[in-house]
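Participant: So that we are looking at the same thing, I have put the structure below in structure tokens.
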Number of protein chains: 4
Amino acid sequence: MAQRDTTWGTERLGALSDGVFAIVLTLLVLDLKLPDLPRGYAEQEMIGALADRVPNLVAWVISFFLVARIWIVHHGIIANLARCHRGTITWNFILLGICSLVPFGSGLIGAYEWDPLAIALFSLIFGASGLALGLLARHAAVETHLHHERTEPALLRRQWLYHAIGLPAIALVSILFVFVATFVSLGIWLLEPLIALSVERWSARRRRQEGVRS
Amino acid sequence: MAQRDTTWGTERLGALSDGVFAIVLTLLVLDLKLPDLPRGYAEQEMIGALADRVPNLVAWVISFFLVARIWIVHHGIIANLARCHRGTITWNFILLGICSLVPFGSGLIGAYEWDPLAIALFSLIFGASGLALGLLARHAAVETHLHHERTEPALLRRQWLYHAIGLPAIALVSILFVFVATFVSLGIWLLEPLIALSVERWSARRRRQEGVRS
Amino acid sequence: MAQRDTTWGTERLGALSDGVFAIVLTLLVLDLKLPDLPRGYAEQEMIGALADRVPNLVAWVISFFLVARIWIVHHGIIANLARCHRGTITWNFILLGICSLVPFGSGLIGAYEWDPLAIALFSLIFGASGLALGLLARHAAVETHLHHERTEPALLRRQWLYHAIGLPAIALVSILFVFVATFVSLGIWLLEPLIALSVERWSARRRRQEGVRS
Amino acid sequence: MAQRDTTWGTERLGALSDGVFAIVLTLLVLDLKLPDLPRGYAEQEMIGALADRVPNLVAWVISFFLVARIWIVHHGIIANLARCHRGTITWNFILLGICSLVPFGSGLIGAYEWDPLAIALFSLIFGASGLALGLLARHAAVETHLHHERTEPALLRRQWLYHAIGLPAIALVSILFVFVATFVSLGIWLLEPLIALSVERWSARRRRQEGVRS
């Protein structure tokens, strides 16, 4: 019912997104289930029960820092927008919807530690998050009337390419390795920040070289 | 104890509402319950258990995007207000109270997939949300001393009519079909965005025609 | 480690409080537990199971609107402050701590519907919330160097008197009636908004009369 | 993909952190588990079941006020920054990650009241929070280009020293006492605010004396 061309400031878009990210980040810890010991247990059993949680702790670290990475990129995209319209809000909800599935994915890994299907679903969710993040960046890049004077469309276009191609590609590799070696499927997500950093440095060097040539 | 005529800015009204909407959106995923498999299960059982979750996933998609729609309309209404008073806050809490029942309604559907009563309650909650949203829009339209210079009372009046009549009507159709075909009862909610879009276009065309005549 | 006299704006104090209130409001619905029916249940059983939830729904309505009332008063108090210091933050945390116990209290009522001890604890929590709210209002009234030009110290002092005396008094009556008639113990909380409104009107009339005399 | 030297305002950093802190504070109450009594229980059993919750209530009070203390310090650190960059966000996420483990630690104590390992883990989490808080303060102190004109680098440096040394030291004492007297391990955390206050007063007196000498 809103006018097609109504635009708003981005404060509440950011506030709602921060709320969803904060809850996702905090719910993840619920997958570190408390040990379930009988009355009059021996201390040895508590140590064993907590040691059993170590794979879950690894899954928690991966999930927490992937969601943190998504927040950082989201924060950077929205900071490039002075205003938003219904399209921005729709792309943002698609991203939030996929991110709100993360606790389901990491809960599956928490309950069925090395199950291939659980890890494949976990990777699928993060791959889809990357795609949605990339599409949000693309939207922000092309809707020039939402920009402010410090907006960097080139930066938004790089975000779009890396996240819409890079994260689904990592997810694909992760899913393929599910049938070979599940620890690679999870481990590759630990490498993602390094991959992102390398791509960023290589891209910055290329831009400098092109700047020199021209 | 506040003065009758005290008004405040809408920042904290928006922040509290964003918090409630963010939690409702994120709690919905808890209805996608994790499969409960015995130790030493076959991979086939995991696939079956996850396939059993597909109706829940459909219910999740419907709930998520209906709550997202409510947020979008709420955001548009509040953006039309420069200030709020106790009446605004009261109507807003009635809306938030009904919205906070959504996880109960969609949890019922999650647990008792095609139960007619569960679907009727689910539809009742969304119909009531629409009514509350419409009443908030009506309040915003008539309390002219809360407006700022860019407020569009005509837009608020259209919001009031569509949501206070349209969503309860869809809910009524959904509840009636519960006794005939439950998939129609849920499916009609998937059509709601299309219905809203059609009404919006038709209403915009009519306004243009009236503009031409006068 | 902060300087004794450091002051800050109230944005983040409000944001943290809004977060806690939003979560408390939304968690309350978790006490409306889903019915637990066996496979192949009769529709009659679902109707019965949902009808069993009606007392919980009443407890939910009472809790939701009491927390909403506390938020409204909190919002009004903080809006009277331009800045806050460590004392403000400490009183605010005492209030938030007590409010975060509300889901425990209403969960008790949800699980043990008419248990006298459950209702007494529920009333104790709301009485203590009122006391904490009153003490926050008192702090806001006396710390004049935190005020802005539109601050109304007389309003804050009335808030302090009503909440620090009124709500604990209602709680006391509620707790005493636990041994006589538990429905009075819960019902009196439904009357609280009316009591507040009457006190407010009487107090406004008295102020007008005094204004005439002087 | 962001420019190395991109900086942003701290609004959304604060909002995300407030969201995480609000959820952690509110989730803590879930460890005050509801009593689980059979149908037709005697009122005596309810009293006993609630009395059994007293140690959990003590653990809740300790956790709530430790998280509140962390929020107060976090609020003070971020208020010293005009802007933030990726480094600030990363240190902040490390702190939030550790804080989001608090409900796991206090849940362990809630379930296994005086278990030495549970208390050791609880103390480890708060010691690590202190270290992360100290490192965030240190980052804020040294990144002078993020400061505004009222930033107090000396205050930030004191925060860094106290939290990065003090809280891990208290955690160490707590963990050592786990093998001797578990009530000391928990009780020392109740003393932490007093220790902080004493250090603060002693440090303020020393600064005044140095001011006199010079």
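How things are named: the first chain in the structure tokens is A, the next is B, and so on; residues count from 1 in each chain; ligands count from 1 in the order shown.
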Neighbouring residues of segment 36-50 of chain B were defined as those with any atom within 10 Å, considering only C-alpha atoms; residues of the same chain fewer than 2 positions away were excluded. Please report them as a PyMOL selection string.

Facilitator: (chain A and resi 111-112+115-118) or (chain B and resi 32-34+52-54)

Participant: Residues of segment 30-69 of chain A that approach segment 102-108 of chain A to 10 Å or less, counting only C-alpha atoms: could you list each one with the shortest pair of atoms and its distance in Å to one decimal, rows by chain and increasing residue number, as a tab-separated table?

Facilitator:
residue	atom	partner	partner_atom	distance
A:Leu30	CA	A:Gly107	CA	8.3
A:Asp31	CA	A:Gly107	CA	5.3
A:Leu32	CA	A:Gly107	CA	8.7
A:Lys33	CA	A:Gly107	CA	9.6
A:Asn56	CA	A:Ser106	CA	8.7
A:Ala59	CA	A:Ser106	CA	6.8
A:Trp60	CA	A:Ser106	CA	7.3
A:Ile62	CA	A:Ser106	CA	9.3
A:Ser63	CA	A:Ser106	CA	6.9
A:Phe64	CA	A:Val102	CA	9.7
A:Leu66	CA	A:Val102	CA	9.8
A:Val67	CA	A:Val102	CA	8.4

Participant: For those residues, write all heavy atoms to a file as a CSV table (one decimal), in the first residue's frame.

Facilitator:
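Full text of again30.csv as output:
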chain,number,residue,atom,x,y,z
A,30,LEU,N,23.0,-22.4,22.4
A,30,LEU,CA,22.1,-23.4,22.9
A,30,LEU,C,22.4,-24.8,22.3
A,30,LEU,O,21.9,-25.8,22.8
A,30,LEU,CB,20.6,-23.0,22.6
A,30,LEU,CG,20.1,-21.7,23.2
A,30,LEU,CD1,18.7,-21.5,22.9
A,30,LEU,CD2,20.3,-21.7,24.7
A,31,ASP,N,23.1,-24.8,21.2
A,31,ASP,CA,23.5,-26.1,20.6
A,31,ASP,C,24.6,-26.8,21.4
A,31,ASP,O,24.8,-28.0,21.2
A,31,ASP,CB,23.9,-25.9,19.1
A,31,ASP,CG,22.8,-25.3,18.3
A,31,ASP,OD1,21.7,-25.7,18.6
A,31,ASP,OD2,23.1,-24.6,17.4
A,32,LEU,N,25.3,-26.0,22.2
A,32,LEU,CA,26.3,-26.6,23.1
A,32,LEU,C,25.5,-27.2,24.3
A,32,LEU,O,25.6,-26.7,25.4
A,32,LEU,CB,27.2,-25.5,23.7
A,32,LEU,CG,28.2,-24.9,22.7
A,32,LEU,CD1,29.0,-23.8,23.5
A,32,LEU,CD2,29.2,-26.0,22.2
A,33,LYS,N,24.8,-28.2,24.0
A,33,LYS,CA,23.8,-28.8,25.1
A,33,LYS,C,24.6,-29.1,26.3
A,33,LYS,O,25.7,-29.6,26.3
A,33,LYS,CB,23.1,-30.0,24.5
A,33,LYS,CG,22.3,-29.7,23.3
A,33,LYS,CD,20.9,-30.3,23.5
A,33,LYS,CE,20.1,-29.8,22.3
A,33,LYS,NZ,20.8,-30.3,21.0
A,56,ASN,N,31.2,-30.0,19.1
A,56,ASN,CA,30.1,-29.0,19.1
A,56,ASN,C,30.7,-27.6,19.2
A,56,ASN,O,30.2,-26.6,18.6
A,56,ASN,CB,29.1,-29.2,20.2
A,56,ASN,CG,28.4,-30.5,20.1
A,56,ASN,OD1,29.1,-31.5,19.7
A,56,ASN,ND2,27.2,-30.6,20.5
A,59,ALA,N,32.0,-26.5,16.0
A,59,ALA,CA,30.9,-26.1,15.1
A,59,ALA,C,30.4,-24.7,15.5
A,59,ALA,O,30.0,-23.9,14.7
A,59,ALA,CB,29.8,-27.1,15.2
A,60,TRP,N,30.3,-24.5,16.9
A,60,TRP,CA,29.9,-23.2,17.4
A,60,TRP,C,30.8,-22.1,16.9
A,60,TRP,O,30.4,-21.0,16.5
A,60,TRP,CB,29.8,-23.2,18.9
A,60,TRP,CG,29.5,-21.9,19.5
A,60,TRP,CD1,28.2,-21.3,19.5
A,60,TRP,CD2,30.4,-20.9,20.1
A,60,TRP,NE1,28.3,-20.0,20.1
A,60,TRP,CE2,29.7,-19.8,20.4
A,60,TRP,CE3,31.8,-21.0,20.3
A,60,TRP,CZ2,30.3,-18.7,21.0
A,60,TRP,CZ3,32.4,-19.9,20.9
A,60,TRP,CH2,31.6,-18.7,21.2
A,62,ILE,N,32.8,-22.0,14.3
A,62,ILE,CA,32.6,-21.7,12.9
A,62,ILE,C,31.3,-20.9,12.6
A,62,ILE,O,31.4,-19.9,11.9
A,62,ILE,CB,32.6,-23.1,12.1
A,62,ILE,CG1,33.9,-23.8,12.2
A,62,ILE,CG2,32.2,-22.9,10.7
A,62,ILE,CD1,34.0,-25.2,11.6
A,63,SER,N,30.2,-21.4,13.2
A,63,SER,CA,29.0,-20.7,13.0
A,63,SER,C,29.0,-19.2,13.5
A,63,SER,O,28.6,-18.3,12.8
A,63,SER,CB,27.8,-21.4,13.7
A,63,SER,OG,27.7,-22.7,13.4
A,64,PHE,N,29.5,-19.0,14.7
A,64,PHE,CA,29.6,-17.7,15.3
A,64,PHE,C,30.4,-16.8,14.4
A,64,PHE,O,29.9,-15.7,14.1
A,64,PHE,CB,30.2,-17.7,16.7
A,64,PHE,CG,30.1,-16.4,17.4
A,64,PHE,CD1,29.0,-16.2,18.3
A,64,PHE,CD2,31.0,-15.5,17.3
A,64,PHE,CE1,28.9,-15.0,18.9
A,64,PHE,CE2,30.9,-14.2,18.0
A,64,PHE,CZ,29.8,-14.0,18.8
A,66,LEU,N,31.2,-17.1,11.2
A,66,LEU,CA,30.5,-16.9,9.9
A,66,LEU,C,29.4,-15.9,10.0
A,66,LEU,O,29.3,-15.0,9.1
A,66,LEU,CB,30.0,-18.2,9.3
A,66,LEU,CG,31.1,-19.1,8.6
A,66,LEU,CD1,30.4,-20.4,8.2
A,66,LEU,CD2,31.6,-18.4,7.4
A,67,VAL,N,28.6,-16.0,11.0
A,67,VAL,CA,27.5,-15.0,11.2
A,67,VAL,C,28.1,-13.6,11.4
A,67,VAL,O,27.6,-12.6,10.9
A,67,VAL,CB,26.5,-15.4,12.3
A,67,VAL,CG1,25.4,-14.4,12.5
A,67,VAL,CG2,25.8,-16.8,11.9

Participant: Only residues of chain D matter here; which ones have an atom within 6 Å of chain A, counting only C-alpha atoms? Give them as a ChimeraX atom specification.

Facilitator: /D:1,16,19-20,100

Participant: Create the file for the chosen residues now, containing C-alpha atoms and written as a PDB file, in the first residue's frame.

Facilitator:
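Output below, filename again-v8.pdb:
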ATOM      1  CA  MET D   1      36.343  -6.637   0.793  1.00  0.00           C
ATOM      2  CA  LEU D  16      24.341  -5.339  17.926  1.00  0.00           C
ATOM      3  CA  GLY D  19      21.130  -6.997  21.467  1.00  0.00           C
ATOM      4  CA  VAL D  20      23.589  -9.745  22.438  1.00  0.00           C
ATOM      5  CA  SER D 100      27.423 -15.507  24.628  1.00  0.00           C
TER       6      SER D 100
END

Participant: From a backbone DSSP assignment, name each residue in chain D labelled alpha helix (DSSP H), as a count of residues only.

Facilitator: 154

Participant: In Å to one decimal, how far is atom CA of Ile165 of chain B from atom CA of Val178 of chain B?

Facilitator: 20.2 Å

Participant: Residues within 12 Å of Thr182 of chain B, please, as a list of chain:residue names. Count only C-alpha atoms; anything in the same chain fewer than 6 positions from it doesn't count.

Facilitator: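 The residues satisfying every condition are B:Ile109, B:Glu113, B:Trp114, B:Asp115, B:Pro116, B:Leu117, B:Ala118, B:Ile119, B:Ala120, B:Phe122, B:Ser123, B:Val173, B:Ser174, B:Ile175, B:Leu176, B:Ile188, B:Trp189.
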
Participant: I need the residues from that last selection saved to file as a short mmCIF file (atom, residue, chain, number, x, y, z; two decimals), in the first residue's frame (with all heavy atoms), if you can.

Facilitator:
data_model
loop_
_atom_site.label_atom_id
_atom_site.label_comp_id
_atom_site.auth_asym_id
_atom_site.auth_seq_id
_atom_site.Cartn_x
_atom_site.Cartn_y
_atom_site.Cartn_z
N ILE B 109 1.10 -25.64 14.16
CA ILE B 109 1.13 -26.25 12.83
C ILE B 109 2.36 -27.14 12.70
O ILE B 109 2.31 -28.21 12.09
CB ILE B 109 1.13 -25.16 11.74
CG1 ILE B 109 -0.20 -24.42 11.77
CG2 ILE B 109 1.36 -25.77 10.38
CD1 ILE B 109 -0.39 -23.49 10.60
N GLU B 113 0.68 -31.17 11.90
CA GLU B 113 0.79 -30.58 10.57
C GLU B 113 -0.50 -30.10 9.93
O GLU B 113 -0.63 -28.95 9.58
CB GLU B 113 1.52 -31.55 9.63
CG GLU B 113 3.02 -31.46 9.85
CD GLU B 113 3.70 -32.75 9.46
OE1 GLU B 113 3.36 -33.30 8.42
OE2 GLU B 113 4.58 -33.19 10.22
N TRP B 114 -1.45 -31.01 9.71
CA TRP B 114 -2.63 -30.59 8.95
C TRP B 114 -3.86 -30.54 9.83
O TRP B 114 -4.97 -30.65 9.33
CB TRP B 114 -2.84 -31.48 7.72
CG TRP B 114 -1.67 -31.42 6.80
CD1 TRP B 114 -0.73 -32.39 6.59
CD2 TRP B 114 -1.30 -30.31 5.97
NE1 TRP B 114 0.19 -31.95 5.68
CE2 TRP B 114 -0.12 -30.68 5.28
CE3 TRP B 114 -1.84 -29.03 5.74
CZ2 TRP B 114 0.52 -29.83 4.39
CZ3 TRP B 114 -1.19 -28.20 4.85
CH2 TRP B 114 -0.02 -28.60 4.20
N ASP B 115 -3.68 -30.35 11.14
CA ASP B 115 -4.83 -30.28 12.03
C ASP B 115 -5.67 -29.04 11.72
O ASP B 115 -5.16 -27.92 11.70
CB ASP B 115 -4.33 -30.23 13.48
CG ASP B 115 -5.48 -30.29 14.46
OD1 ASP B 115 -6.15 -29.24 14.66
OD2 ASP B 115 -5.73 -31.37 15.00
N PRO B 116 -6.99 -29.21 11.48
CA PRO B 116 -7.82 -28.05 11.11
C PRO B 116 -7.82 -26.96 12.17
O PRO B 116 -7.73 -25.76 11.85
CB PRO B 116 -9.23 -28.64 10.96
CG PRO B 116 -9.12 -30.11 11.05
CD PRO B 116 -7.76 -30.47 11.54
N LEU B 117 -7.91 -27.36 13.46
CA LEU B 117 -7.97 -26.37 14.52
C LEU B 117 -6.66 -25.57 14.59
O LEU B 117 -6.68 -24.35 14.80
CB LEU B 117 -8.22 -27.08 15.86
CG LEU B 117 -8.87 -26.22 16.92
CD1 LEU B 117 -10.20 -25.69 16.44
CD2 LEU B 117 -9.07 -27.03 18.19
N ALA B 118 -5.52 -26.26 14.40
CA ALA B 118 -4.22 -25.57 14.42
C ALA B 118 -4.17 -24.52 13.32
O ALA B 118 -3.75 -23.38 13.55
CB ALA B 118 -3.09 -26.59 14.25
N ILE B 119 -4.61 -24.90 12.11
CA ILE B 119 -4.57 -23.96 10.99
C ILE B 119 -5.55 -22.81 11.22
O ILE B 119 -5.26 -21.64 10.92
CB ILE B 119 -4.85 -24.69 9.66
CG1 ILE B 119 -3.72 -25.69 9.40
CG2 ILE B 119 -4.96 -23.71 8.50
CD1 ILE B 119 -3.87 -26.49 8.13
N ALA B 120 -6.74 -23.11 11.81
CA ALA B 120 -7.71 -22.05 12.10
C ALA B 120 -7.13 -21.04 13.08
O ALA B 120 -7.26 -19.82 12.90
CB ALA B 120 -9.00 -22.66 12.65
N PHE B 122 -3.92 -20.43 13.64
CA PHE B 122 -2.85 -19.74 12.91
C PHE B 122 -3.45 -18.59 12.10
O PHE B 122 -2.95 -17.45 12.14
CB PHE B 122 -2.17 -20.77 11.99
CG PHE B 122 -1.10 -20.23 11.10
CD1 PHE B 122 0.21 -20.15 11.53
CD2 PHE B 122 -1.39 -19.84 9.80
CE1 PHE B 122 1.20 -19.67 10.69
CE2 PHE B 122 -0.40 -19.35 8.96
CZ PHE B 122 0.89 -19.27 9.40
N SER B 123 -4.55 -18.86 11.38
CA SER B 123 -5.18 -17.83 10.55
C SER B 123 -5.83 -16.75 11.41
O SER B 123 -5.78 -15.56 11.06
CB SER B 123 -6.23 -18.46 9.63
OG SER B 123 -5.58 -19.26 8.67
N VAL B 173 -11.78 -16.62 5.17
CA VAL B 173 -11.79 -17.60 4.08
C VAL B 173 -10.94 -18.81 4.48
O VAL B 173 -11.35 -19.97 4.33
CB VAL B 173 -11.25 -16.96 2.78
CG1 VAL B 173 -11.11 -18.03 1.69
CG2 VAL B 173 -12.17 -15.84 2.33
N SER B 174 -9.75 -18.52 5.05
CA SER B 174 -8.85 -19.61 5.46
C SER B 174 -9.53 -20.51 6.48
O SER B 174 -9.45 -21.74 6.39
CB SER B 174 -7.57 -18.99 6.03
OG SER B 174 -6.82 -19.96 6.68
N ILE B 175 -10.21 -19.89 7.47
CA ILE B 175 -10.85 -20.69 8.52
C ILE B 175 -12.01 -21.51 7.96
O ILE B 175 -12.19 -22.67 8.31
CB ILE B 175 -11.32 -19.76 9.68
CG1 ILE B 175 -10.08 -19.20 10.41
CG2 ILE B 175 -12.21 -20.51 10.65
CD1 ILE B 175 -10.39 -18.09 11.38
N LEU B 176 -12.77 -20.92 7.01
CA LEU B 176 -13.88 -21.67 6.41
C LEU B 176 -13.37 -22.88 5.63
O LEU B 176 -13.95 -23.97 5.68
CB LEU B 176 -14.71 -20.76 5.50
CG LEU B 176 -15.53 -19.70 6.23
CD1 LEU B 176 -16.23 -18.79 5.24
CD2 LEU B 176 -16.56 -20.37 7.15
N ILE B 188 -3.73 -19.84 0.86
CA ILE B 188 -4.25 -18.49 0.60
C ILE B 188 -3.33 -17.43 1.19
O ILE B 188 -3.22 -16.33 0.65
CB ILE B 188 -5.70 -18.37 1.15
CG1 ILE B 188 -6.39 -17.15 0.54
CG2 ILE B 188 -5.73 -18.31 2.66
CD1 ILE B 188 -7.85 -17.04 0.91
N TRP B 189 -2.62 -17.80 2.27
CA TRP B 189 -1.69 -16.83 2.86
C TRP B 189 -0.50 -16.58 1.95
O TRP B 189 0.11 -15.52 1.97
CB TRP B 189 -1.21 -17.30 4.24
CG TRP B 189 -2.27 -17.19 5.28
CD1 TRP B 189 -2.90 -18.22 5.93
CD2 TRP B 189 -2.85 -15.99 5.80
NE1 TRP B 189 -3.83 -17.73 6.81
CE2 TRP B 189 -3.82 -16.37 6.76
CE3 TRP B 189 -2.65 -14.63 5.56
CZ2 TRP B 189 -4.59 -15.44 7.47
CZ3 TRP B 189 -3.41 -13.71 6.27
CH2 TRP B 189 -4.36 -14.12 7.20
#

Participant: Just to confirm, what's the straight-line distance from atom CA of Ala154 of chain D to atom CA of Arg83 of chain C in Å (one decimal)?

Facilitator: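 Going from atom CA of Ala154 of chain D over to atom CA of Arg83 of chain C covers 22.6 Å.
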
Participant: Can you list every residue in segment 5-207 of chain C that DSSP puts in strand (DSSP E or B), as a ChimeraX atom specification?

Facilitator: /C:8-9,81,83-84,147

Participant: Could you please take those selected residues and save C-alpha atoms as a PDB file, in the first residue's frame?

Facilitator:
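Result file selection_22.pdb:
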ATOM      1  CA  TRP C   8      26.725   9.609  28.914  1.00  0.00           C
ATOM      2  CA  GLY C   9      23.735  10.070  26.621  1.00  0.00           C
ATOM      3  CA  LEU C  81      16.849  12.554  31.357  1.00  0.00           C
ATOM      4  CA  ARG C  83      22.230  12.184  30.330  1.00  0.00           C
ATOM      5  CA  CYS C  84      22.871   9.281  32.701  1.00  0.00           C
ATOM      6  CA  HIS C 147      17.886  16.929  33.476  1.00  0.00           C
TER       7      HIS C 147
END
